[in-house]
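Following: one structure in structure tokens, then a few remarks.
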Amino acid sequence: MTDNPGHIHGEVFDAAVIGGGVIGCALARRFTLDGARVVLIEKAADVLDGASKANSAILHTGFDAPPGSLEAACIAAGYQEYMTIRDRLNLPLLRTGAMVVAWSEAEAALLPGLMAQARQNGVDDVMPLTEAEARRLEPELGPGVRAAFRVPREYVIDPWSAPHAYLRQALENGARLLCRAEVTGGRFDGEIWRLETSRGVVRAGLVINAAGLHGDRIDAMLTGTQHFTIRPRKGQFVVYDKPAAALTRHILLPVPTAVTKGVVVCRTAFGNLLVGPTAEEQEDRDHAVLVPETLTALIRRGTEILPALADHDVTAIYAGLRPATEFKDYQIRLDAGRRYVTVGGIRSTGLSSALGTARHVHDLCAGFGFGAAPLADPVWPRMAMLAEDEIRDWQCPGNGGVVCHCERVTRREIEAALTGPLAAGSLAGLKRRTRVTMGRCQGFYCTQELAAITAGRLDVPMTGGDT
Ligand SMILES: Cc1cc2nc3c(=O)[nH]c(=O)nc-3n(C[C@H](O)[C@H](O)[C@H](O)COP(=O)(O)OP(=O)(O)OC[C@H]3O[C@@H](n4cnc5c(N)ncnc54)[C@H](O)[C@@H]3O)c2cc1C
């Protein structure tokens, strides 16, 4: 990671963002493009190490968000901006559409209300489907379907290239990144914040707390008040091998409950098929432990939805933690006197809402006047394309050869991910940038070559047999 603490400690920034999740990355971009001098502070060796490392990768329309909520507004704005900028940043979009499927009469009775809610949220192209119509669109659906409706603009994206693109655009336009820097304290002297980090003091005129699963603790530590409590909600997933992706075209959604959007079956941008997530309350904010019995139940549920899944192999399993709170809506709060903003409780829609959330926070801070105009001609980085159905680097000349054969990752892609303003700082970060070792063999064949390429360049060196 190309951070330079010496230089960072010598500056007074307009804004310091705490936390390099998708929200922090989008905030860094928004404030930078609008002319502020920004530093992003992240405690891990690389960004996207918290809630943002493991989600379902759905670009939500917000059709089922509570009408009138801040969440609904941020999703709508975030969705819109993603669609506007994704071409320039070279970000993928799998135009799947979603289908909300009712599996009982009681669920079917809820569909009209959900469609009305969608229209209230501005998603006015939802379409009711009879059982026969649903089956015509998704012939592999299992028995028990009662009715359904389509949400045509609900799509799948790459959960990592999007936030990486936001941050890269910030960095290439002057923002700074300080990784391995845990914020441990700080004080505001009426004009300037002095944030204490494990890598020294950072000074800024505004602090934005985007610390995800630790947002409430940062508030308590820096302001002495805490308006919400994080209640981590675990989601476990099962990833099927690529041939399974042919079993469905839509994102297959259950009828949501007050607590969860429920178990989803959908393709991924990388050409796999995903079943999950669960919604499990837990105390631990950092570790999402996989539970064999739960994964078995997920496989069973996936096979009820698509019986032909029984003939396909599982490639991987993973789990993530949502930064849920005791409230349903996002917890975004400006303390103008202290020049401090909390962007907390971005529970289960943060990937979709991030760009909109960042705009909302920037608007909240408009009165602070950072003294600079929006950038007239910002740099637009182009991200490496990892989506299975797009042209990939292995198909292009001069790529140095394929290193990871399952995911077809080239030496050139790996080298690129290890250099530049947002170089991978950890093996996990390298996987998120390239998908190396994330395929069928889970690194069995490419680890040795990868260890040689990454020697001296990751926080924890790879050994030949370590994935
Ligand atoms: C199972 C699951 C499924 C989901 N599915 C979807 C989906 O399909 N679509 C969608 O839009 N959203 C989805 N989400 C939601 C989305 O992933 C979250 O809303 C989002 O990741 C929250 O991002 P964040 O930036 O707020 O928090 P985080 O990603 O947790 O980022 C916070 C960062 O702050 C850092 N940090 C913490 N404390 C400190 C400190 N003291 N000093 C410095 N740094 C610190 C952490 O290391 C972390 O990197 C899902 C989430 C989960 C878990």
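A note on labels: chains of the structure tokens are A, B, ... as shown, every chain counts residues from 1, and ligands are counted from 1 in their shown order.
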Please provide as a PyMOL selection string all residues within 12 Å of Gly113 of chain A, with the sequence filter that same-chain residues fewer than 3 positions apart are discarded (counting only C-alpha atoms).
-> chain A and resi 63-64+107-110+116-120+126+128+149+255-256
Could you name the residues that touch Met221 of chain A at 10 Å or less, counting only C-alpha atoms, but leaving out those on the same chain fewer than 5 positions away, as an mmCIF file with N, CA and C atoms, in the first residue's frame?
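File written: part29.cif
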```cif
data_model
loop_
_atom_site.group_PDB
_atom_site.id
_atom_site.type_symbol
_atom_site.label_atom_id
_atom_site.label_comp_id
_atom_site.auth_asym_id
_atom_site.auth_seq_id
_atom_site.Cartn_x
_atom_site.Cartn_y
_atom_site.Cartn_z
ATOM 1 N N VAL A 183 -7.316 4.077 14.476
ATOM 2 C CA VAL A 183 -7.604 5.297 15.233
ATOM 3 C C VAL A 183 -7.848 4.892 16.682
ATOM 4 N N THR A 184 -7.062 5.455 17.587
ATOM 5 C CA THR A 184 -7.141 5.047 18.993
ATOM 6 C C THR A 184 -7.604 6.174 19.903
ATOM 7 N N GLY A 185 -7.771 7.369 19.359
ATOM 8 C CA GLY A 185 -8.225 8.496 20.170
ATOM 9 C C GLY A 185 -8.182 9.758 19.333
ATOM 10 N N GLY A 186 -8.510 10.885 19.983
ATOM 11 C CA GLY A 186 -8.436 12.131 19.234
ATOM 12 C C GLY A 186 -9.142 13.241 19.981
ATOM 13 N N ARG A 187 -8.805 14.500 19.602
ATOM 14 C CA ARG A 187 -9.525 15.623 20.221
ATOM 15 C C ARG A 187 -9.657 16.757 19.220
ATOM 16 N N GLY A 215 -18.295 1.465 14.397
ATOM 17 C CA GLY A 215 -18.709 2.866 14.335
ATOM 18 C C GLY A 215 -19.171 3.419 15.669
ATOM 19 N N ASP A 216 -19.927 2.619 16.441
ATOM 20 C CA ASP A 216 -20.428 3.113 17.728
ATOM 21 C C ASP A 216 -19.277 3.364 18.699
ATOM 22 N N GLN A 226 -22.846 8.098 22.251
ATOM 23 C CA GLN A 226 -23.087 6.967 21.354
ATOM 24 C C GLN A 226 -24.580 6.896 21.104
#
```
Identify, on the basis of only C-alpha atoms, every residue whose closest approach to Asp189 of chain A does not exceed 12 Å; exclude the query and any residue fewer than 4 positions from it along the same chain; express the result as a PyMOL selection string.
-> chain A and resi 193-195+203-206+337-339
Considering only C-alpha atoms and all ligand atoms, tabulate each residue of chain A that lies at most 6 Å from ligand 1 along with its nearest interatomic pair and the corresponding distance in Å to one decimal; arrange the rows by chain and ascending residue number and present them as a tab-separated table.
```
residue	atom	partner	partner_atom_place_in_ligand_line	distance
A:Ile18	CA	ligand 1	43 (C)	5.3
A:Gly19	CA	ligand 1	34 (O)	3.1
A:Gly20	CA	ligand 1	49 (O)	4.5
A:Gly21	CA	ligand 1	31 (O)	3.3
A:Val22	CA	ligand 1	25 (O)	4.3
A:Ile23	CA	ligand 1	25 (O)	3.8
A:Gly24	CA	ligand 1	25 (O)	5.3
A:Ile41	CA	ligand 1	43 (C)	5.4
A:Glu42	CA	ligand 1	44 (N)	3.8
A:Lys43	CA	ligand 1	43 (C)	3.9
A:Ala44	CA	ligand 1	47 (O)	5.3
A:Val47	CA	ligand 1	49 (O)	5.5
A:Leu48	CA	ligand 1	49 (O)	4.9
A:Asp49	CA	ligand 1	49 (O)	4.4
A:Gly50	CA	ligand 1	30 (O)	3.7
A:Ala51	CA	ligand 1	30 (O)	3.7
A:Ser52	CA	ligand 1	21 (O)	3.2
A:Ala54	CA	ligand 1	53 (C)	5.9
A:Asn55	CA	ligand 1	3 (C)	3.6
A:Ser56	CA	ligand 1	8 (O)	3.7
A:Ala57	CA	ligand 1	8 (O)	4.2
A:Ile58	CA	ligand 1	8 (O)	3.7
A:Leu59	CA	ligand 1	11 (O)	5.5
A:His60	CA	ligand 1	11 (O)	5.9
A:Ala181	CA	ligand 1	43 (C)	5.9
A:Glu182	CA	ligand 1	42 (N)	3.6
A:Val183	CA	ligand 1	42 (N)	3.9
A:Thr184	CA	ligand 1	41 (N)	6.0
A:Ala210	CA	ligand 1	26 (O)	5.7
A:Ala211	CA	ligand 1	34 (O)	3.5
A:Gly212	CA	ligand 1	27 (O)	3.4
A:Leu213	CA	ligand 1	30 (O)	5.1
A:His214	CA	ligand 1	38 (N)	5.0
A:Gly235	CA	ligand 1	1 (C)	3.8
A:Pro277	CA	ligand 1	1 (C)	5.2
A:Gly320	CA	ligand 1	53 (C)	4.1
A:Leu321	CA	ligand 1	53 (C)	3.9
A:Arg322	CA	ligand 1	53 (C)	3.8
A:Ile346	CA	ligand 1	19 (O)	4.6
A:Arg347	CA	ligand 1	19 (O)	4.5
A:Ser348	CA	ligand 1	15 (C)	3.5
A:Thr349	CA	ligand 1	12 (N)	3.4
A:Gly350	CA	ligand 1	19 (O)	3.1
A:Leu351	CA	ligand 1	11 (O)	3.4
A:Ser352	CA	ligand 1	11 (O)	3.7
```
Counting only C-alpha atoms, figure out which residue out of A:Val100, A:Gly10, A:Asp329, A:Glu105 gets nearest to Val265 of chain A.
->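 Under the stated criterion, the closest residue is A:Val100.
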Going by DSSP on the backbone, which bits of segment 54-270 of chain A are strand (DSSP E)? Write them as an mmCIF file with N, CA and C atoms, in the first residue's frame, please.
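selection.cif written:
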```cif
data_model
loop_
_atom_site.group_PDB
_atom_site.id
_atom_site.type_symbol
_atom_site.label_atom_id
_atom_site.label_comp_id
_atom_site.auth_asym_id
_atom_site.auth_seq_id
_atom_site.Cartn_x
_atom_site.Cartn_y
_atom_site.Cartn_z
ATOM 1 N N ILE A 58 -25.273 -7.563 -4.833
ATOM 2 C CA ILE A 58 -26.449 -7.128 -5.606
ATOM 3 C C ILE A 58 -26.511 -5.598 -5.601
ATOM 4 N N LEU A 59 -26.693 -5.034 -6.794
ATOM 5 C CA LEU A 59 -26.941 -3.597 -6.897
ATOM 6 C C LEU A 59 -28.450 -3.418 -6.730
ATOM 7 N N ALA A 98 -34.348 -9.164 -10.996
ATOM 8 C CA ALA A 98 -34.633 -10.050 -9.856
ATOM 9 C C ALA A 98 -36.053 -10.562 -9.958
ATOM 10 N N MET A 99 -36.280 -11.712 -9.317
ATOM 11 C CA MET A 99 -37.634 -12.260 -9.242
ATOM 12 C C MET A 99 -37.901 -12.574 -7.763
ATOM 13 N N VAL A 100 -38.924 -11.939 -7.214
ATOM 14 C CA VAL A 100 -39.315 -12.230 -5.828
ATOM 15 C C VAL A 100 -40.325 -13.371 -5.888
ATOM 16 N N VAL A 101 -39.992 -14.492 -5.261
ATOM 17 C CA VAL A 101 -40.808 -15.704 -5.406
ATOM 18 C C VAL A 101 -41.528 -16.016 -4.093
ATOM 19 N N ALA A 102 -42.836 -16.211 -4.178
ATOM 20 C CA ALA A 102 -43.630 -16.632 -3.007
ATOM 21 C C ALA A 102 -43.763 -18.149 -3.042
ATOM 22 N N MET A 127 -43.245 -6.133 -12.091
ATOM 23 C CA MET A 127 -44.286 -6.811 -12.888
ATOM 24 C C MET A 127 -44.768 -8.074 -12.184
ATOM 25 N N PRO A 128 -46.077 -8.198 -11.906
ATOM 26 C CA PRO A 128 -46.562 -9.423 -11.272
ATOM 27 C C PRO A 128 -46.454 -10.604 -12.227
ATOM 28 N N LEU A 129 -46.198 -11.794 -11.681
ATOM 29 C CA LEU A 129 -46.075 -13.014 -12.488
ATOM 30 C C LEU A 129 -46.925 -14.116 -11.868
ATOM 31 N N THR A 130 -47.651 -14.826 -12.692
ATOM 32 C CA THR A 130 -48.320 -16.031 -12.206
ATOM 33 C C THR A 130 -47.252 -17.120 -12.047
ATOM 34 N N ALA A 147 -46.603 -17.670 -6.676
ATOM 35 C CA ALA A 147 -46.665 -16.482 -7.534
ATOM 36 C C ALA A 147 -45.325 -15.763 -7.397
ATOM 37 N N ALA A 148 -45.145 -14.700 -8.166
ATOM 38 C CA ALA A 148 -43.861 -13.990 -8.114
ATOM 39 C C ALA A 148 -44.040 -12.601 -8.696
ATOM 40 N N PHE A 149 -43.009 -11.767 -8.575
ATOM 41 C CA PHE A 149 -42.961 -10.553 -9.399
ATOM 42 C C PHE A 149 -41.525 -10.250 -9.776
ATOM 43 N N ARG A 150 -41.383 -9.544 -10.899
ATOM 44 C CA ARG A 150 -40.059 -9.208 -11.421
ATOM 45 C C ARG A 150 -39.675 -7.804 -11.015
ATOM 46 N N VAL A 151 -38.396 -7.627 -10.718
ATOM 47 C CA VAL A 151 -37.831 -6.289 -10.507
ATOM 48 C C VAL A 151 -36.748 -6.158 -11.579
ATOM 49 N N TYR A 155 -29.658 -5.713 -10.277
ATOM 50 C CA TYR A 155 -28.540 -6.311 -11.015
ATOM 51 C C TYR A 155 -27.455 -6.857 -10.071
ATOM 52 N N VAL A 156 -26.500 -7.557 -10.672
ATOM 53 C CA VAL A 156 -25.339 -8.066 -9.926
ATOM 54 C C VAL A 156 -24.102 -7.289 -10.372
ATOM 55 N N ARG A 176 -5.189 10.896 0.123
ATOM 56 C CA ARG A 176 -4.128 10.083 0.715
ATOM 57 C C ARG A 176 -4.747 8.915 1.460
ATOM 58 N N LEU A 177 -4.002 7.823 1.526
ATOM 59 C CA LEU A 177 -4.473 6.612 2.217
ATOM 60 C C LEU A 177 -3.448 6.198 3.244
ATOM 61 N N LEU A 178 -3.921 5.945 4.474
ATOM 62 C CA LEU A 178 -3.027 5.473 5.532
ATOM 63 C C LEU A 178 -3.584 4.155 6.059
ATOM 64 N N VAL A 183 -7.316 4.077 14.476
ATOM 65 C CA VAL A 183 -7.604 5.297 15.233
ATOM 66 C C VAL A 183 -7.848 4.892 16.682
ATOM 67 N N THR A 184 -7.062 5.455 17.587
ATOM 68 C CA THR A 184 -7.141 5.047 18.993
ATOM 69 C C THR A 184 -7.604 6.174 19.903
ATOM 70 N N GLY A 185 -7.771 7.369 19.359
ATOM 71 C CA GLY A 185 -8.225 8.496 20.170
ATOM 72 C C GLY A 185 -8.182 9.758 19.333
ATOM 73 N N GLY A 186 -8.510 10.885 19.983
ATOM 74 C CA GLY A 186 -8.436 12.131 19.234
ATOM 75 C C GLY A 186 -9.142 13.241 19.981
ATOM 76 N N ARG A 187 -8.805 14.500 19.602
ATOM 77 C CA ARG A 187 -9.525 15.623 20.221
ATOM 78 C C ARG A 187 -9.657 16.757 19.220
ATOM 79 N N PHE A 188 -10.711 17.563 19.468
ATOM 80 C CA PHE A 188 -11.031 18.684 18.593
ATOM 81 C C PHE A 188 -10.756 19.954 19.379
ATOM 82 N N TRP A 193 -9.141 18.801 14.258
ATOM 83 C CA TRP A 193 -9.076 17.507 14.929
ATOM 84 C C TRP A 193 -7.631 16.986 14.893
ATOM 85 N N ARG A 194 -7.208 16.431 16.006
ATOM 86 C CA ARG A 194 -5.929 15.699 16.036
ATOM 87 C C ARG A 194 -6.283 14.245 16.347
ATOM 88 N N LEU A 195 -6.280 13.412 15.323
ATOM 89 C CA LEU A 195 -6.628 11.991 15.491
ATOM 90 C C LEU A 195 -5.368 11.207 15.820
ATOM 91 N N GLU A 196 -5.444 10.441 16.912
ATOM 92 C CA GLU A 196 -4.304 9.566 17.240
ATOM 93 C C GLU A 196 -4.509 8.238 16.535
ATOM 94 N N THR A 197 -3.490 7.800 15.831
ATOM 95 C CA THR A 197 -3.561 6.496 15.188
ATOM 96 C C THR A 197 -2.328 5.693 15.592
ATOM 97 N N GLY A 200 0.713 7.334 14.274
ATOM 98 C CA GLY A 200 0.962 8.758 14.510
ATOM 99 C C GLY A 200 -0.289 9.606 14.371
ATOM 100 N N VAL A 201 -0.111 10.911 14.572
ATOM 101 C CA VAL A 201 -1.250 11.834 14.615
ATOM 102 C C VAL A 201 -1.592 12.317 13.195
ATOM 103 N N VAL A 202 -2.906 12.375 12.931
ATOM 104 C CA VAL A 202 -3.399 12.926 11.662
ATOM 105 C C VAL A 202 -4.274 14.133 12.000
ATOM 106 N N ARG A 203 -4.051 15.256 11.295
ATOM 107 C CA ARG A 203 -4.814 16.475 11.587
ATOM 108 C C ARG A 203 -5.784 16.790 10.441
ATOM 109 N N ALA A 204 -7.004 17.158 10.831
ATOM 110 C CA ALA A 204 -8.027 17.438 9.805
ATOM 111 C C ALA A 204 -9.086 18.385 10.363
ATOM 112 N N VAL A 207 -13.908 15.287 10.727
ATOM 113 C CA VAL A 207 -13.733 13.831 10.856
ATOM 114 C C VAL A 207 -15.028 13.146 10.440
ATOM 115 N N ILE A 208 -14.896 12.127 9.589
ATOM 116 C CA ILE A 208 -16.065 11.328 9.187
ATOM 117 C C ILE A 208 -15.820 9.903 9.649
ATOM 118 N N ASN A 209 -16.714 9.434 10.511
ATOM 119 C CA ASN A 209 -16.597 8.085 11.064
ATOM 120 C C ASN A 209 -17.351 7.105 10.161
ATOM 121 N N ARG A 233 -24.582 -8.831 12.392
ATOM 122 C CA ARG A 233 -25.502 -9.853 11.872
ATOM 123 C C ARG A 233 -24.770 -10.651 10.792
ATOM 124 N N LYS A 234 -24.513 -11.909 11.135
ATOM 125 C CA LYS A 234 -23.703 -12.734 10.232
ATOM 126 C C LYS A 234 -24.514 -13.267 9.051
ATOM 127 N N GLY A 235 -23.850 -13.342 7.903
ATOM 128 C CA GLY A 235 -24.449 -13.976 6.728
ATOM 129 C C GLY A 235 -23.481 -14.990 6.151
ATOM 130 N N GLN A 236 -23.908 -16.264 6.104
ATOM 131 C CA GLN A 236 -23.059 -17.309 5.508
ATOM 132 C C GLN A 236 -23.528 -17.585 4.082
ATOM 133 N N PHE A 237 -22.572 -17.960 3.233
ATOM 134 C CA PHE A 237 -22.851 -18.198 1.807
ATOM 135 C C PHE A 237 -22.220 -19.506 1.335
ATOM 136 N N VAL A 238 -22.833 -20.081 0.290
ATOM 137 C CA VAL A 238 -22.260 -21.223 -0.429
ATOM 138 C C VAL A 238 -22.098 -20.790 -1.892
ATOM 139 N N VAL A 239 -20.904 -21.010 -2.452
ATOM 140 C CA VAL A 239 -20.639 -20.644 -3.846
ATOM 141 C C VAL A 239 -20.514 -21.919 -4.669
ATOM 142 N N TYR A 240 -21.301 -22.020 -5.721
ATOM 143 C CA TYR A 240 -21.257 -23.195 -6.592
ATOM 144 C C TYR A 240 -20.324 -22.973 -7.777
ATOM 145 N N ILE A 251 -31.866 -12.897 -10.297
ATOM 146 C CA ILE A 251 -31.569 -12.989 -8.872
ATOM 147 C C ILE A 251 -32.873 -13.508 -8.255
ATOM 148 N N LEU A 252 -32.851 -14.688 -7.647
ATOM 149 C CA LEU A 252 -34.074 -15.262 -7.075
ATOM 150 C C LEU A 252 -34.161 -14.868 -5.606
ATOM 151 N N LEU A 253 -35.135 -14.018 -5.306
ATOM 152 C CA LEU A 253 -35.286 -13.493 -3.947
ATOM 153 C C LEU A 253 -36.490 -14.128 -3.284
ATOM 154 N N PRO A 254 -36.406 -14.407 -1.975
ATOM 155 C CA PRO A 254 -37.614 -14.817 -1.262
ATOM 156 C C PRO A 254 -38.413 -13.573 -0.869
ATOM 157 N N VAL A 264 -30.925 -15.824 -0.910
ATOM 158 C CA VAL A 264 -30.971 -15.451 -2.313
ATOM 159 C C VAL A 264 -30.225 -16.510 -3.120
ATOM 160 N N VAL A 265 -30.672 -16.760 -4.340
ATOM 161 C CA VAL A 265 -29.894 -17.573 -5.278
ATOM 162 C C VAL A 265 -29.622 -16.688 -6.482
ATOM 163 N N CYS A 266 -28.347 -16.506 -6.813
ATOM 164 C CA CYS A 266 -28.060 -15.673 -7.984
ATOM 165 C C CYS A 266 -26.697 -16.000 -8.564
ATOM 166 N N ARG A 267 -26.532 -15.611 -9.822
ATOM 167 C CA ARG A 267 -25.221 -15.715 -10.442
ATOM 168 C C ARG A 267 -24.308 -14.656 -9.836
#
```
Top pick for closest residue to Val402 of chain A, considering A:Ser69, A:Ile414, A:Val314, A:Arg285 and counting only C-alpha atoms |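 For Val402 of chain A, the nearest of the candidates is A:Ile414.
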Backbone-only DSSP, alpha helix (DSSP H) members of segment 256-455 of chain A, as an MDAnalysis selection string = chainID A and resid 292:305 350:364 411:417 427:434 447:454
Would you mind exporting the chosen residues as a short mmCIF file (atom, residue, chain, number, x, y, z; two decimals), in the first residue's frame, restricted to N, CA and C atoms?
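In the end it all went to out.cif:
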```
data_model
loop_
_atom_site.label_atom_id
_atom_site.label_comp_id
_atom_site.auth_asym_id
_atom_site.auth_seq_id
_atom_site.Cartn_x
_atom_site.Cartn_y
_atom_site.Cartn_z
N PRO A 292 -20.83 -25.68 9.84
CA PRO A 292 -21.17 -26.74 8.88
C PRO A 292 -22.66 -27.02 8.79
N GLU A 293 -23.37 -27.06 9.94
CA GLU A 293 -24.81 -27.39 9.92
C GLU A 293 -25.58 -26.31 9.16
N THR A 294 -25.19 -25.05 9.35
CA THR A 294 -25.88 -23.95 8.67
C THR A 294 -25.63 -24.02 7.17
N LEU A 295 -24.40 -24.36 6.81
CA LEU A 295 -24.07 -24.46 5.38
C LEU A 295 -24.84 -25.61 4.75
N THR A 296 -25.00 -26.70 5.48
CA THR A 296 -25.78 -27.83 4.98
C THR A 296 -27.23 -27.40 4.76
N ALA A 297 -27.75 -26.62 5.70
CA ALA A 297 -29.14 -26.14 5.56
C ALA A 297 -29.26 -25.20 4.35
N LEU A 298 -28.23 -24.39 4.13
CA LEU A 298 -28.24 -23.49 2.97
C LEU A 298 -28.26 -24.29 1.66
N ILE A 299 -27.44 -25.34 1.63
CA ILE A 299 -27.40 -26.19 0.44
C ILE A 299 -28.77 -26.83 0.21
N ARG A 300 -29.40 -27.25 1.32
CA ARG A 300 -30.73 -27.86 1.21
C ARG A 300 -31.73 -26.83 0.66
N ARG A 301 -31.68 -25.61 1.20
CA ARG A 301 -32.62 -24.57 0.73
C ARG A 301 -32.35 -24.24 -0.75
N GLY A 302 -31.07 -24.15 -1.11
CA GLY A 302 -30.73 -23.86 -2.51
C GLY A 302 -31.28 -24.93 -3.43
N THR A 303 -31.24 -26.18 -2.96
CA THR A 303 -31.71 -27.30 -3.80
C THR A 303 -33.23 -27.35 -3.86
N GLU A 304 -33.90 -26.80 -2.84
CA GLU A 304 -35.36 -26.69 -2.93
C GLU A 304 -35.74 -25.65 -3.98
N ILE A 305 -34.96 -24.56 -4.02
CA ILE A 305 -35.27 -23.49 -4.97
C ILE A 305 -34.93 -23.94 -6.40
N GLY A 350 -25.19 -1.36 1.73
CA GLY A 350 -24.14 -0.35 1.57
C GLY A 350 -23.43 -0.37 0.23
N LEU A 351 -23.31 -1.54 -0.37
CA LEU A 351 -22.66 -1.59 -1.68
C LEU A 351 -23.46 -0.78 -2.70
N SER A 352 -24.79 -0.89 -2.62
CA SER A 352 -25.66 -0.19 -3.57
C SER A 352 -25.75 1.31 -3.26
N SER A 353 -25.74 1.62 -1.97
CA SER A 353 -26.04 3.01 -1.59
C SER A 353 -24.81 3.89 -1.49
N ALA A 354 -23.60 3.29 -1.53
CA ALA A 354 -22.39 4.02 -1.11
C ALA A 354 -22.24 5.37 -1.79
N LEU A 355 -22.43 5.41 -3.11
CA LEU A 355 -22.22 6.69 -3.82
C LEU A 355 -23.28 7.71 -3.39
N GLY A 356 -24.50 7.23 -3.16
CA GLY A 356 -25.57 8.12 -2.71
C GLY A 356 -25.35 8.58 -1.28
N THR A 357 -24.89 7.65 -0.45
CA THR A 357 -24.60 7.99 0.95
C THR A 357 -23.52 9.05 1.00
N ALA A 358 -22.49 8.90 0.17
CA ALA A 358 -21.39 9.87 0.16
C ALA A 358 -21.90 11.25 -0.26
N ARG A 359 -22.78 11.29 -1.24
CA ARG A 359 -23.36 12.58 -1.66
C ARG A 359 -24.15 13.21 -0.53
N HIS A 360 -24.95 12.36 0.16
CA HIS A 360 -25.76 12.88 1.27
C HIS A 360 -24.86 13.49 2.34
N VAL A 361 -23.77 12.79 2.67
CA VAL A 361 -22.87 13.30 3.72
C VAL A 361 -22.20 14.59 3.24
N HIS A 362 -21.80 14.62 1.98
CA HIS A 362 -21.17 15.84 1.46
C HIS A 362 -22.14 17.01 1.54
N ASP A 363 -23.41 16.76 1.21
CA ASP A 363 -24.42 17.83 1.30
C ASP A 363 -24.57 18.33 2.74
N LEU A 364 -24.55 17.36 3.68
CA LEU A 364 -24.67 17.74 5.10
C LEU A 364 -23.55 18.70 5.52
N ARG A 411 -0.33 -13.00 -15.13
CA ARG A 411 0.78 -12.40 -14.39
C ARG A 411 0.67 -10.86 -14.46
N ARG A 412 0.28 -10.35 -15.63
CA ARG A 412 0.17 -8.89 -15.75
C ARG A 412 -0.87 -8.34 -14.77
N GLU A 413 -2.00 -9.04 -14.60
CA GLU A 413 -3.03 -8.56 -13.66
C GLU A 413 -2.50 -8.56 -12.23
N ILE A 414 -1.74 -9.61 -11.90
CA ILE A 414 -1.22 -9.70 -10.52
C ILE A 414 -0.20 -8.59 -10.28
N GLU A 415 0.70 -8.39 -11.24
CA GLU A 415 1.71 -7.33 -11.10
C GLU A 415 1.02 -5.97 -10.95
N ALA A 416 -0.02 -5.75 -11.74
CA ALA A 416 -0.72 -4.45 -11.69
C ALA A 416 -1.38 -4.25 -10.32
N ALA A 417 -1.90 -5.34 -9.75
CA ALA A 417 -2.59 -5.23 -8.45
C ALA A 417 -1.60 -4.99 -7.31
N LEU A 427 -2.72 -10.69 1.11
CA LEU A 427 -3.15 -11.71 0.16
C LEU A 427 -4.65 -11.59 -0.11
N ALA A 428 -5.42 -11.31 0.96
CA ALA A 428 -6.88 -11.15 0.78
C ALA A 428 -7.16 -10.00 -0.18
N GLY A 429 -6.39 -8.92 -0.04
CA GLY A 429 -6.56 -7.77 -0.93
C GLY A 429 -6.21 -8.11 -2.36
N LEU A 430 -5.18 -8.94 -2.54
CA LEU A 430 -4.79 -9.36 -3.89
C LEU A 430 -5.89 -10.23 -4.52
N LYS A 431 -6.50 -11.09 -3.70
CA LYS A 431 -7.61 -11.92 -4.20
C LYS A 431 -8.76 -11.03 -4.66
N ARG A 432 -9.08 -10.01 -3.84
CA ARG A 432 -10.21 -9.14 -4.18
C ARG A 432 -9.94 -8.35 -5.46
N ARG A 433 -8.67 -8.05 -5.73
CA ARG A 433 -8.35 -7.28 -6.93
C ARG A 433 -8.25 -8.14 -8.19
N THR A 434 -7.94 -9.44 -8.02
CA THR A 434 -7.65 -10.26 -9.21
C THR A 434 -8.45 -11.56 -9.28
N THR A 447 -0.34 -21.51 -5.98
CA THR A 447 0.20 -20.85 -4.80
C THR A 447 1.72 -20.66 -4.88
N GLN A 448 2.43 -21.67 -5.39
CA GLN A 448 3.88 -21.57 -5.40
C GLN A 448 4.35 -20.41 -6.30
N GLU A 449 3.76 -20.34 -7.48
CA GLU A 449 4.14 -19.27 -8.40
C GLU A 449 3.75 -17.91 -7.82
N LEU A 450 2.58 -17.89 -7.17
CA LEU A 450 2.10 -16.65 -6.57
C LEU A 450 3.01 -16.19 -5.44
N ALA A 451 3.48 -17.14 -4.64
CA ALA A 451 4.40 -16.81 -3.54
C ALA A 451 5.66 -16.16 -4.11
N ALA A 452 6.13 -16.66 -5.24
CA ALA A 452 7.35 -16.08 -5.84
C ALA A 452 7.07 -14.67 -6.35
N ILE A 453 5.91 -14.47 -6.98
CA ILE A 453 5.61 -13.14 -7.54
C ILE A 453 5.41 -12.11 -6.42
N THR A 454 4.80 -12.54 -5.32
CA THR A 454 4.46 -11.57 -4.26
C THR A 454 5.55 -11.42 -3.20
#
```
State, in Å with one decimal place, the distance from atom CA of Trp394 of chain A to atom CA of Leu94 of chain A.
->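 Between atom CA of Trp394 of chain A and atom CA of Leu94 of chain A the gap works out to 20.3 Å.
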Across A:Leu141, A:Ala170, A:Ile317, A:Leu386, the smallest distance to Thr248 of chain A, with only C-alpha atoms counted, is shown by A:Leu141
Correct to one decimal, the distance atom CA of Thr342 of chain A-atom CA of Ala376 of chain A is 28.7 Å
From the list A:Ile192, A:Ala308, A:Leu111, A:Ser198, the nearest residue to Pro139 of chain A using only C-alpha atoms is A:Ala308
Quick one, how far is atom CA of His312 of chain A from atom CA of Glu131 of chain A?
-> 25.5 Å
Quick one: of A:Leu167, A:Val12, A:Ala373, A:Leu309, who's nearest to Leu274 of chain A, counting only C-alpha atoms?
->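 Distance minimum relative to Leu274 of chain A lands on A:Leu309.
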Might you pull out every residue within 8 Å of Tyr330 of chain A, with only C-alpha atoms counted and same-chain residues fewer than 3 positions away left off, and present them as a list in words?
->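 What passes the distance filter is Leu70, Glu71, Phe327, Val343, Gly344, Gly345, Ile346 and Arg347 of chain A.
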Resulting file, chosen residues, C-alpha atoms, as a short mmCIF file (atom, residue, chain, number, x, y, z; two decimals), in the first residue's frame:
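That gives us selection.cif:
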```
data_model
loop_
_atom_site.label_atom_id
_atom_site.label_comp_id
_atom_site.auth_asym_id
_atom_site.auth_seq_id
_atom_site.Cartn_x
_atom_site.Cartn_y
_atom_site.Cartn_z
CA LEU A 70 -32.69 7.70 4.49
CA GLU A 71 -31.68 4.24 3.29
CA PHE A 327 -32.54 0.83 14.32
CA VAL A 343 -22.00 7.30 8.92
CA GLY A 344 -23.11 4.23 10.86
CA GLY A 345 -25.39 1.25 10.66
CA ILE A 346 -25.06 0.84 6.90
CA ARG A 347 -26.50 -2.58 7.35
#
```
